[in-house]
Amino acid sequence: QVQLVESGGGLVQPGGSLRLSCATSGSIASIRPMGWYRQAPGKEREWVARITSGGSTTYADSVKGRFTISRDSARNTVYLQMDTLKPEDTAVYYCYLNYYSVTYWGQGTQVTVSS
């Protein structure tokens with residue numbers, strides 16, 4: 001069984017930065033693609049970024065150039081560095097892991113961008 005635990009959310013002013021972490025358990029965590037989604041109030045869940053076991057990354061256009069996803073395989077942890085945050089980045093951020101046809105999710109961490 002795979003468990004994902006996010007941390008690092010909070011309140012930040014526009015233009016600020018936050019780094020989210022997603023710690024995983026289970027032997028498959030270091031060899032599977034992982035990433036982040038987010039869900040703002042009243043909106044559908046939106047894919048944000050993805051990283052493969054080899055380190056290849058992809059981003060949604062809305063965060064490209066501002067967010068950076070990375071992983072520390074030795075620690076089974078994936079990070080999302082968020083810079084130049086905007087109010088529209090306010091959402092609950094969810095970490096996920098793909099294991100063939102199964103997707104594992106974390107519980108989510110709130111990010112609020114407001115002055």
# chains A, B, ... in the order shown; residues from 1 in each chain; ligands from 1

$ closest_atom_pairs --of "region 28-99 of chain A" --to "region 1-15 of chain A" --cutoff "9 Å" --atoms "only C-alpha atoms" --output "Markdown table"
| residue | atom | partner | partner_atom | distance |
| --- | --- | --- | --- | --- |
| A:Ile28 | CA | A:Val2 | CA | 7.9 |
| A:Ala29 | CA | A:Val2 | CA | 7.4 |
| A:Asp83 | CA | A:Gly15 | CA | 7.1 |
| A:Thr84 | CA | A:Gly15 | CA | 4.1 |
| A:Leu85 | CA | A:Gly15 | CA | 4.9 |
| A:Lys86 | CA | A:Pro14 | CA | 5.1 |
| A:Pro87 | CA | A:Pro14 | CA | 6.3 |
| A:Val92 | CA | A:Gly9 | CA | 8.6 |
| A:Tyr93 | CA | A:Gly9 | CA | 8.2 |
| A:Tyr94 | CA | A:Glu6 | CA | 7.4 |
| A:Cys95 | CA | A:Glu6 | CA | 6.7 |
| A:Tyr96 | CA | A:Leu4 | CA | 7.5 |
| A:Leu97 | CA | A:Leu4 | CA | 8.3 |

$ write_last_selection --atoms "C-alpha atoms" --output "compact mmCIF listing (two decimals), in the first residue's frame"
# COMPACT_ATOMS: atom_id res chain seq x y z
CA ILE A 28 7.18 1.49 -5.67
CA ALA A 29 7.32 5.17 -4.82
CA ASP A 83 7.53 31.13 -6.97
CA THR A 84 5.89 34.38 -8.03
CA LEU A 85 2.62 33.17 -6.58
CA LYS A 86 -0.63 34.75 -7.70
CA PRO A 87 -4.05 34.89 -6.02
CA VAL A 92 -5.81 22.73 -2.17
CA TYR A 93 -2.78 21.00 -3.65
CA TYR A 94 -2.78 17.22 -3.95
CA CYS A 95 0.18 14.97 -4.56
CA TYR A 96 -0.38 11.86 -6.67
CA LEU A 97 1.47 8.73 -7.76

$ select_by_dssp --residues "chain A" --states "helix (DSSP H, G or I)" --output "PyMOL selection string"
chain A and resi 29-31+73-75+87-89

$ closest_residue --among "A:Thr24, A:Arg75, A:Arg66, A:Ala91" --to "Arg38 (chain A)" --atoms "only C-alpha atoms"
A:Ala91

$ atom_distance --atom1 "CA of Ala23 (chain A)" --atom2 "CA of Ser73 (chain A)"
10.3 Å

$ atom_distance --atom1 "CA of Ser17 (chain A)" --atom2 "CA of Asp89 (chain A)"
11.2 Å

$ closest_residue --among "A:Thr90, A:Ser21, A:Ser114, A:Thr109" --to "Gly42 (chain A)" --atoms "only C-alpha atoms"
A:Thr90
